[in-house]
There are 2 protein chains.
Amino acid sequence: VSDNRSLPLGPGAEFDRIRRIAERLGDRAGELGDDCALISLGGKTLAISSDLSVERVHFRREWLTPEEIGWRAAAAALSDLAAEGAQPIGLMASVGVPGNAGDGALEQLMDGVGNAAKSVGAKVLGGDLSKSEVWLVDITVLGTATRPVRRSGAVAGDSLWVTGILGGARAALRSWLAGNEPGQAARDAFAHPIPRISTGARLAEQGAHAMIDLSDGLAGDVRHLAAASGCRITVDLALLPTHPSCAEAASRDGVPVEHFAARGGEDYELLVALPASFVEADGKALSRDTGVPMTRVGSITNGSGVILSLGGKSVELGGFDQFA
Amino acid sequence: VSDNRSLPLGPGAEFDRIRRIAERLGDRAGELGDDCALISLGGKTLAISSDLSVERVHFRREWLTPEEIGWRAAAAALSDLAAEGAQPIGLMASVGVPGNAGDGALEQLMDGVGNAAKSVGAKVLGGDLSKSEVWLVDITVLGTATRPVRRSGAVAGDSLWVTGILGGARAALRSWLAGNEPGQAARDAFAHPIPRISTGARLAEQGAHAMIDLSDGLAGDVRHLAAASGCRITVDLALLPTHPSCAEAASRDGVPVEHFAARGGEDYELLVALPASFVEADGKALSRDTGVPMTRVGSITNGSGVILSLGGKSVELGGFDQFA
C-alpha cells in the first residue's frame, strides 16, 4: 500500500511495472490508473490519454497500410476518451520513422491519424517527428467530460454490459501470425477499429457507474474494473457477443469460441457497469440509436475479484500482457 | 501555398516533411507550426506540446543514466511551454523499453520525468508503457497561458534576445562522439537542461512579441521566427553568449566559437523578440531576478529571411536537421 492516490489495477507483469512506477513517483504524479487523466480547468473537466503503438509490437508493416497504422493508433487513444464518456477536442501525434522512409508513407500515416480524428470531430493539434529505427506512433488525445465515468464507480447490484462484438482483431492477428491473410471482417476489426465516442457519451448520460475500453481483452480488462471499484464481477462467457471469424481460430486452438473472444485484445469496445435501472429495453434502445450492439454479460456484487464462467463452470483466463 | 492556417516554418528537410503533412491534413488539423498548440477552454488558454526522444537518435544509453534520459525528455517538452510563456500543469509520458529492460531502469527513467515535472510545479498525469526494440520517451506537456507568446509576433524595431549560454550540449555531444567523456559543465548542459519556465513567463509579462526555444540551434531556429513573423532578423554572432566548453570543439572543427555555438542543438534556451521599450537595463533586471543571463544578439527589420554576421561579414549557417 503506497500513499499514491492511484486507482488499483488488475494483476499482470505490465501492471506490476505501472504499480512500481506509480509508487516511485508518489506525489509527483496525479491520480493514475484510469482510462484518462482528468484536470479541472475553468469550470470544465479535461480528459487526457496517451497510447503508444510500436512496429513489431502492436503491428507489422507487412500487415497494414500506413493509413491503417495511423488510424489504428489514433482510434486506440480516442477509445480511452470514449471509456470516460468524454467528447474529443483534438490530439497530438508523435511519429518516429526510419530516415529512409518514403515521404508518401509518412503522409499516408498522418492521413489515417487525421481521418480517425475527423471521424469524431477532433483536430490534429500538433505533435513531433523523429527518426527512429522502428515505426512508432504515440497519440495523446484531449477531450472534455461533462460527467466523467471512471473505472472505480461500479457497485453491487450493477449489471455489466459490453458494446459491439469481440475477438475479431485477435482472429486477424492469428491469421497473419500463421502466414495467412485474414478475412475482410476480421481484418477491418484489427485495422480500422471504431472509437465508441457517441456510445460512451450516451452511456455516461444514462448514468453509467464505471467504464473501461477493451484493449487487452475482456478477461484481463474486467479485472481492472473490479480492482478499481473494489467489488466482485461475475461474467457469463456464454453471453459474449463473438465475432464470426473467431470460430475457426478457436477450433484450431481447441478452446470454446467464448474463451478465444474473451482474450481478444485490441477490440476497443466498451465494458460498462450500469445501474439496475438500466434494463434490457434500454440496451435495445441504445443499440438502435447508435447502431452498436449492447449486450449484458455479467453482474456486480460485493466482494472482490472476477469470476468467469461458461456452462456453469468457472474458467481461468487472463488478458494479453505484453510483459508477461 | 495551402489553405492550411499553419505558421510558416524555416527551411530544411525535416520541415519540408512537416509542411507536406500540414498540407495533406488540411482542415483536419488545427493551426500547426508554433511551439505549442493553443486551445480555448472555459475562458482559459490551454497550451500543449509533444517531444519525442529516441535512443540512438537523441541519446545513447552509454552516455546518460536512465534518470537523465527521463529528465531530458521531459525538460525538452516543458521548454516548449516556456517558449509560449505558459505555466505547466502536468505531462503525459509514453515510454518504450525492451522486454528485458530491468525494472530499476524504467523506474529511474520515470524518476527523471517526475523530477523535471516537479521542478516546474507540474504533475505526471498519465502515459503509456510499451515494449520496444529501442528506448523511447514521448512527453506531452499541458499548461495554461494568460498571454501566449507565439513565433509570429515579431515586428520591425524589435530587438532579439537569448537566455542562458549556448553550445554546451553540442560540446558534450562532440566529446561523446569522439569517444571521450565530456567535462562536467558540458555534460550537465546536455543531460540536465533547465526548462526556462519562469523566465518565459516573465518575458511574456514584459510584452515579448515572439518567442521560440532553441532545440535545433539558433542558426536554424531563428529562421522559424523570421518565417512565422514575416520579417527579417539580423543576428550579430559576436554577441552570442557561448559556453566555455565550446572553445576546444570549435578549434578542433577550425571554426569560430560563435559558429559552433550558433549550431548547437538542444540548448533549450529561449530566443525572444522584445519591443524597443525593453532596454539593456530591463535585460539586466530580469537576469538578476531569475539568475538566467539575458543577452541582446540581434534586431528585427522589415523584409524576410535571416542574416547572420560575424565581424561585419555575412555567414552561411544552418541548424541541426535530423532528416538532412
# chains A, B, ... in the order shown; residues from 1 in each chain; ligands from 1
$ interface_residues --of "chain A" --to "chain B" --cutoff "6 Å" --atoms "only C-alpha atoms" --output "ChimeraX atom specification"
/A:21,28-30,32,37,42,50-51,107,114,123-128
$ write_last_selection --atoms "N, CA and C atoms" --output "PDB file, in the first residue's frame"
ATOM      1  N   ILE A  21       5.994   2.091 -10.822  1.00  0.00           N
ATOM      2  CA  ILE A  21       6.242   3.476 -11.253  1.00  0.00           C
ATOM      3  C   ILE A  21       5.383   4.436 -10.432  1.00  0.00           C
ATOM      4  N   ARG A  28       4.638  13.196  -6.978  1.00  0.00           N
ATOM      5  CA  ARG A  28       4.985  13.853  -8.247  1.00  0.00           C
ATOM      6  C   ARG A  28       3.981  13.477  -9.343  1.00  0.00           C
ATOM      7  N   ALA A  29       3.121  12.493  -9.060  1.00  0.00           N
ATOM      8  CA  ALA A  29       2.112  12.061 -10.033  1.00  0.00           C
ATOM      9  C   ALA A  29       0.734  12.503  -9.593  1.00  0.00           C
ATOM     10  N   GLY A  30      -0.157  12.674 -10.577  1.00  0.00           N
ATOM     11  CA  GLY A  30      -1.576  12.831 -10.294  1.00  0.00           C
ATOM     12  C   GLY A  30      -2.165  11.457 -10.005  1.00  0.00           C
ATOM     13  N   LEU A  32      -3.234   8.227 -11.037  1.00  0.00           N
ATOM     14  CA  LEU A  32      -3.035   7.370 -12.204  1.00  0.00           C
ATOM     15  C   LEU A  32      -4.028   6.210 -12.185  1.00  0.00           C
ATOM     16  N   ALA A  37      -6.547  10.693 -17.678  1.00  0.00           N
ATOM     17  CA  ALA A  37      -6.268  11.653 -16.606  1.00  0.00           C
ATOM     18  C   ALA A  37      -7.332  12.746 -16.691  1.00  0.00           C
ATOM     19  N   GLY A  42     -11.039  25.951 -15.643  1.00  0.00           N
ATOM     20  CA  GLY A  42     -12.042  26.954 -15.995  1.00  0.00           C
ATOM     21  C   GLY A  42     -13.461  26.403 -15.950  1.00  0.00           C
ATOM     22  N   SER A  50      -2.948   8.841 -23.434  1.00  0.00           N
ATOM     23  CA  SER A  50      -1.900   8.587 -24.424  1.00  0.00           C
ATOM     24  C   SER A  50      -1.877   7.118 -24.791  1.00  0.00           C
ATOM     25  N   ASP A  51      -1.569   6.835 -26.032  1.00  0.00           N
ATOM     26  CA  ASP A  51      -1.482   5.459 -26.492  1.00  0.00           C
ATOM     27  C   ASP A  51      -0.330   5.338 -27.484  1.00  0.00           C
ATOM     28  N   GLU A 107       3.089  10.683 -44.928  1.00  0.00           N
ATOM     29  CA  GLU A 107       1.868  11.459 -45.164  1.00  0.00           C
ATOM     30  C   GLU A 107       0.627  10.569 -45.090  1.00  0.00           C
ATOM     31  N   GLY A 114      -5.436  11.701 -39.168  1.00  0.00           N
ATOM     32  CA  GLY A 114      -6.387  12.783 -39.419  1.00  0.00           C
ATOM     33  C   GLY A 114      -7.795  12.269 -39.681  1.00  0.00           C
ATOM     34  N   LYS A 123      -9.477  17.504 -33.992  1.00  0.00           N
ATOM     35  CA  LYS A 123      -8.453  18.038 -34.882  1.00  0.00           C
ATOM     36  C   LYS A 123      -7.075  17.477 -34.500  1.00  0.00           C
ATOM     37  N   VAL A 124      -6.196  17.381 -35.479  1.00  0.00           N
ATOM     38  CA  VAL A 124      -4.782  17.150 -35.190  1.00  0.00           C
ATOM     39  C   VAL A 124      -4.193  18.490 -34.767  1.00  0.00           C
ATOM     40  N   LEU A 125      -3.788  18.584 -33.500  1.00  0.00           N
ATOM     41  CA  LEU A 125      -3.357  19.865 -32.929  1.00  0.00           C
ATOM     42  C   LEU A 125      -1.864  20.101 -33.093  1.00  0.00           C
ATOM     43  N   GLY A 126      -1.085  19.021 -33.192  1.00  0.00           N
ATOM     44  CA  GLY A 126       0.360  19.161 -33.259  1.00  0.00           C
ATOM     45  C   GLY A 126       1.002  17.817 -33.047  1.00  0.00           C
ATOM     46  N   GLY A 127       2.302  17.838 -32.716  1.00  0.00           N
ATOM     47  CA  GLY A 127       2.996  16.581 -32.500  1.00  0.00           C
ATOM     48  C   GLY A 127       4.486  16.761 -32.654  1.00  0.00           C
ATOM     49  N   ASP A 128       5.161  15.654 -32.920  1.00  0.00           N
ATOM     50  CA  ASP A 128       6.603  15.703 -33.117  1.00  0.00           C
ATOM     51  C   ASP A 128       6.962  14.627 -34.130  1.00  0.00           C
TER      52      ASP A 128
END
$ residues_around --residues "A:Glu205" --least-positions-apart "6" --cutoff "10 Å" --atoms "only C-alpha atoms" --output "list in words"
Gly85, Thr146, Arg147, Pro148, Val149 and Thr199 of chain A
$ atom_distance --atom1 "atom CA of B:Ala238" --atom2 "atom CA of B:Val257"
9.3 Å
$ closest_residue --among "A:Gly200, A:Gly217, A:Gly207, A:Gly164" --to "A:Glu266" --atoms "only C-alpha atoms"
A:Gly217
$ residues_around --residues "B:Asp158" --least-positions-apart "4" --cutoff "7 Å" --atoms "only C-alpha atoms" --output "ChimeraX atom specification"
/B:154,273-276,299-300
$ residues_around --residues "A:Leu173" --least-positions-apart "4" --cutoff "9 Å" --atoms "only C-alpha atoms" --output "ChimeraX atom specification"
/A:168-169,177-178,182,186-187,190
$ decode --residues "stretch 43-74 of chain A" --atoms "N, CA and C atoms" --output "PDB file, in the first residue's frame"
ATOM      1  N   GLY A  43     -13.759  25.557 -14.953  1.00  0.00           N
ATOM      2  CA  GLY A  43     -15.112  25.031 -14.821  1.00  0.00           C
ATOM      3  C   GLY A  43     -15.404  23.829 -15.710  1.00  0.00           C
ATOM      4  N   LYS A  44     -14.430  23.444 -16.535  1.00  0.00           N
ATOM      5  CA  LYS A  44     -14.581  22.249 -17.383  1.00  0.00           C
ATOM      6  C   LYS A  44     -13.689  21.131 -16.832  1.00  0.00           C
ATOM      7  N   THR A  45     -14.023  19.908 -17.206  1.00  0.00           N
ATOM      8  CA  THR A  45     -13.134  18.789 -16.889  1.00  0.00           C
ATOM      9  C   THR A  45     -12.487  18.301 -18.173  1.00  0.00           C
ATOM     10  N   LEU A  46     -11.158  18.413 -18.199  1.00  0.00           N
ATOM     11  CA  LEU A  46     -10.383  17.978 -19.353  1.00  0.00           C
ATOM     12  C   LEU A  46      -9.970  16.526 -19.134  1.00  0.00           C
ATOM     13  N   ALA A  47     -10.185  15.671 -20.139  1.00  0.00           N
ATOM     14  CA  ALA A  47      -9.772  14.265 -20.094  1.00  0.00           C
ATOM     15  C   ALA A  47      -8.639  14.070 -21.093  1.00  0.00           C
ATOM     16  N   ILE A  48      -7.582  13.376 -20.669  1.00  0.00           N
ATOM     17  CA  ILE A  48      -6.375  13.225 -21.481  1.00  0.00           C
ATOM     18  C   ILE A  48      -5.923  11.777 -21.422  1.00  0.00           C
ATOM     19  N   SER A  49      -5.520  11.230 -22.560  1.00  0.00           N
ATOM     20  CA  SER A  49      -4.960   9.886 -22.547  1.00  0.00           C
ATOM     21  C   SER A  49      -3.927   9.746 -23.651  1.00  0.00           C
ATOM     22  N   SER A  50      -2.948   8.841 -23.434  1.00  0.00           N
ATOM     23  CA  SER A  50      -1.900   8.587 -24.424  1.00  0.00           C
ATOM     24  C   SER A  50      -1.877   7.118 -24.791  1.00  0.00           C
ATOM     25  N   ASP A  51      -1.569   6.835 -26.032  1.00  0.00           N
ATOM     26  CA  ASP A  51      -1.482   5.459 -26.492  1.00  0.00           C
ATOM     27  C   ASP A  51      -0.330   5.338 -27.484  1.00  0.00           C
ATOM     28  N   LEU A  52       0.616   4.475 -27.141  1.00  0.00           N
ATOM     29  CA  LEU A  52       1.837   4.297 -27.928  1.00  0.00           C
ATOM     30  C   LEU A  52       1.741   3.017 -28.747  1.00  0.00           C
ATOM     31  N   SER A  53       1.941   3.133 -30.065  1.00  0.00           N
ATOM     32  CA  SER A  53       1.933   1.962 -30.960  1.00  0.00           C
ATOM     33  C   SER A  53       3.321   1.825 -31.577  1.00  0.00           C
ATOM     34  N   VAL A  54       3.885   0.629 -31.479  1.00  0.00           N
ATOM     35  CA  VAL A  54       5.258   0.393 -31.928  1.00  0.00           C
ATOM     36  C   VAL A  54       5.282  -0.777 -32.911  1.00  0.00           C
ATOM     37  N   GLU A  55       6.011  -0.572 -34.003  1.00  0.00           N
ATOM     38  CA  GLU A  55       6.179  -1.620 -35.020  1.00  0.00           C
ATOM     39  C   GLU A  55       6.746  -2.895 -34.403  1.00  0.00           C
ATOM     40  N   ARG A  56       6.261  -4.024 -34.853  1.00  0.00           N
ATOM     41  CA  ARG A  56       6.647  -5.362 -34.396  1.00  0.00           C
ATOM     42  C   ARG A  56       6.210  -5.651 -32.964  1.00  0.00           C
ATOM     43  N   VAL A  57       5.515  -4.699 -32.310  1.00  0.00           N
ATOM     44  CA  VAL A  57       4.873  -4.969 -31.016  1.00  0.00           C
ATOM     45  C   VAL A  57       3.356  -4.872 -31.215  1.00  0.00           C
ATOM     46  N   HIS A  58       2.906  -3.749 -31.776  1.00  0.00           N
ATOM     47  CA  HIS A  58       1.474  -3.530 -31.984  1.00  0.00           C
ATOM     48  C   HIS A  58       1.022  -3.797 -33.411  1.00  0.00           C
ATOM     49  N   PHE A  59       1.953  -3.775 -34.335  1.00  0.00           N
ATOM     50  CA  PHE A  59       1.597  -4.002 -35.741  1.00  0.00           C
ATOM     51  C   PHE A  59       2.852  -4.386 -36.507  1.00  0.00           C
ATOM     52  N   ARG A  60       2.646  -4.968 -37.686  1.00  0.00           N
ATOM     53  CA  ARG A  60       3.762  -5.146 -38.615  1.00  0.00           C
ATOM     54  C   ARG A  60       3.428  -4.404 -39.893  1.00  0.00           C
ATOM     55  N   ARG A  61       4.456  -3.841 -40.501  1.00  0.00           N
ATOM     56  CA  ARG A  61       4.224  -3.030 -41.698  1.00  0.00           C
ATOM     57  C   ARG A  61       3.738  -3.885 -42.857  1.00  0.00           C
ATOM     58  N   GLU A  62       4.023  -5.206 -42.827  1.00  0.00           N
ATOM     59  CA  GLU A  62       3.521  -6.088 -43.887  1.00  0.00           C
ATOM     60  C   GLU A  62       2.011  -6.278 -43.784  1.00  0.00           C
ATOM     61  N   TRP A  63       1.456  -6.047 -42.593  1.00  0.00           N
ATOM     62  CA  TRP A  63       0.034  -6.326 -42.388  1.00  0.00           C
ATOM     63  C   TRP A  63      -0.854  -5.138 -42.753  1.00  0.00           C
ATOM     64  N   LEU A  64      -0.370  -3.958 -42.453  1.00  0.00           N
ATOM     65  CA  LEU A  64      -1.231  -2.773 -42.524  1.00  0.00           C
ATOM     66  C   LEU A  64      -0.667  -1.745 -43.482  1.00  0.00           C
ATOM     67  N   THR A  65      -1.542  -0.976 -44.099  1.00  0.00           N
ATOM     68  CA  THR A  65      -1.102   0.177 -44.867  1.00  0.00           C
ATOM     69  C   THR A  65      -0.706   1.279 -43.872  1.00  0.00           C
ATOM     70  N   PRO A  66       0.114   2.236 -44.309  1.00  0.00           N
ATOM     71  CA  PRO A  66       0.425   3.358 -43.416  1.00  0.00           C
ATOM     72  C   PRO A  66      -0.827   4.076 -42.912  1.00  0.00           C
ATOM     73  N   GLU A  67      -1.827   4.224 -43.781  1.00  0.00           N
ATOM     74  CA  GLU A  67      -3.077   4.875 -43.353  1.00  0.00           C
ATOM     75  C   GLU A  67      -3.693   4.112 -42.198  1.00  0.00           C
ATOM     76  N   GLU A  68      -3.693   2.783 -42.289  1.00  0.00           N
ATOM     77  CA  GLU A  68      -4.278   1.952 -41.226  1.00  0.00           C
ATOM     78  C   GLU A  68      -3.468   2.037 -39.933  1.00  0.00           C
ATOM     79  N   ILE A  69      -2.140   2.084 -40.051  1.00  0.00           N
ATOM     80  CA  ILE A  69      -1.294   2.236 -38.849  1.00  0.00           C
ATOM     81  C   ILE A  69      -1.668   3.530 -38.123  1.00  0.00           C
ATOM     82  N   GLY A  70      -1.841   4.597 -38.900  1.00  0.00           N
ATOM     83  CA  GLY A  70      -2.204   5.879 -38.300  1.00  0.00           C
ATOM     84  C   GLY A  70      -3.609   5.875 -37.711  1.00  0.00           C
ATOM     85  N   TRP A  71      -4.574   5.348 -38.464  1.00  0.00           N
ATOM     86  CA  TRP A  71      -5.968   5.289 -37.981  1.00  0.00           C
ATOM     87  C   TRP A  71      -6.023   4.514 -36.667  1.00  0.00           C
ATOM     88  N   ARG A  72      -5.383   3.327 -36.677  1.00  0.00           N
ATOM     89  CA  ARG A  72      -5.471   2.412 -35.549  1.00  0.00           C
ATOM     90  C   ARG A  72      -4.857   3.041 -34.287  1.00  0.00           C
ATOM     91  N   ALA A  73      -3.728   3.709 -34.448  1.00  0.00           N
ATOM     92  CA  ALA A  73      -3.079   4.337 -33.296  1.00  0.00           C
ATOM     93  C   ALA A  73      -3.980   5.433 -32.725  1.00  0.00           C
ATOM     94  N   ALA A  74      -4.559   6.242 -33.601  1.00  0.00           N
ATOM     95  CA  ALA A  74      -5.424   7.333 -33.125  1.00  0.00           C
ATOM     96  C   ALA A  74      -6.710   6.788 -32.525  1.00  0.00           C
TER      97      ALA A  74
END
